[in-house]
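Visitor: This structure is in structure tokens; I'll ask about it shortly.
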Amino acid sequence: MSTKVYIDQGVDRKKITNLKRLHDLEVVHVGHYEQKLRHADSIPGVFMLGVSTLGGGDYLAGDDIDDIEDIMHPNKVSDRFDLAHLYSAYHAKCEYFVTNNPKDFIRDIRNDPSSNGKREELEKILTGMKIVTTDELRKLLSGESFPVPA
């Protein structure tokens, strides 16, 4: 059975393609939020006022999006897209959300730039999904150890 992985914009596509080949990954993303990515299947996205366009299999966000919003503090439209990516990955039952944007998804820069505080808080809400960088995913799939919050 394959591992379902959501890829955010900006990931190293060559590394993801290699990992997909080596580890039987099902790589997905919401193609109409931003550019379509080759080697990734498109999944339905969440519909949010001010961000989304209607179409395809999009669905309305539930009340559970508020808890994620409280952690991410989306102020700009681009921040709302980040929120939509994360929410869509969770509702698609992805095991991993892969991003190379630690400021928005992993670290809590406002309090401690070196912490994993934002990731820890998000993973408490998004049970069953880990937020990782491309290199962290590679280490996880290869059985290497490194500190990832439980």
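FYI, nothing fancy with the structure tokens labels: chains A, B, ... in order, residues from 1 per chain, ligands from 1 as they appear.
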Give me the residues near A:Ala89 as an MDAnalysis selection string, where near means some atom within 12 Å (using only C-alpha atoms) and where sequence neighbours in that chain fewer than 2 positions away do not count.
Guide: chainID A and resid 4:8 27:30 42:46 82:87 91:99 126:131
Visitor: Would you put the residues from that selection into a file with C-alpha atoms, as a short mmCIF file (atom, residue, chain, number, x, y, z; two decimals), in the first residue's frame?
Guide:
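File written: result-v3.cif
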```cif
data_model
loop_
_atom_site.label_atom_id
_atom_site.label_comp_id
_atom_site.auth_asym_id
_atom_site.auth_seq_id
_atom_site.Cartn_x
_atom_site.Cartn_y
_atom_site.Cartn_z
CA LYS A 4 -0.06 9.41 0.50
CA VAL A 5 2.01 12.60 0.41
CA TYR A 6 0.83 16.16 -0.27
CA ILE A 7 3.44 18.42 -1.85
CA ASP A 8 3.41 22.15 -1.31
CA VAL A 27 1.95 12.22 -4.51
CA VAL A 28 -0.95 14.70 -4.57
CA HIS A 29 -1.67 18.44 -4.52
CA VAL A 30 -4.52 20.83 -5.29
CA SER A 42 -4.69 16.66 -8.33
CA ILE A 43 -7.17 16.36 -5.44
CA PRO A 44 -10.23 18.48 -4.60
CA GLY A 45 -9.51 21.57 -2.57
CA VAL A 46 -11.36 23.41 0.13
CA ASP A 82 -1.20 27.98 2.70
CA LEU A 83 -4.13 27.31 5.02
CA ALA A 84 -6.13 25.81 2.13
CA HIS A 85 -3.22 23.54 1.11
CA LEU A 86 -2.82 22.19 4.63
CA TYR A 87 -6.55 21.71 5.18
CA HIS A 91 -9.02 16.03 4.46
CA ALA A 92 -7.49 13.93 1.66
CA LYS A 93 -6.04 11.75 4.45
CA CYS A 94 -2.42 12.41 3.51
CA GLU A 95 0.16 10.96 5.87
CA TYR A 96 2.67 13.71 5.11
CA PHE A 97 2.47 17.36 4.13
CA VAL A 98 5.81 18.14 2.46
CA THR A 99 6.93 21.75 2.38
CA LEU A 126 -4.21 17.37 12.13
CA THR A 127 -3.96 13.90 13.67
CA GLY A 128 -2.41 11.29 11.43
CA MET A 129 -0.53 13.79 9.25
CA LYS A 130 3.09 14.87 9.74
CA ILE A 131 4.42 18.18 8.42
#
```
Visitor: Please provide the set of residues having any atom within 8 Å of stretch 102-106 of chain A, restricted to only C-alpha atoms, with same-chain residues fewer than 3 positions apart removed, written as a PyMOL selection string.
Guide: chain A and resi 72+82+99+109+116-120+131-133
Visitor: Fewer than 6 positions away in the same chain doesn't count, so skip those; otherwise give me all residues within 9 Å of stretch 12-26 of chain A, counting only C-alpha atoms, as a PyMOL selection string.
Guide: chain A and resi 1-6+37-41+100+134-135+137-138+141-142
Visitor: Distance atom CA of A:Glu136-atom CA of A:Ile68, one decimal place?
Guide: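 Answer for the atom CA of A:Glu136 to atom CA of A:Ile68 separation: 22.2 Å.
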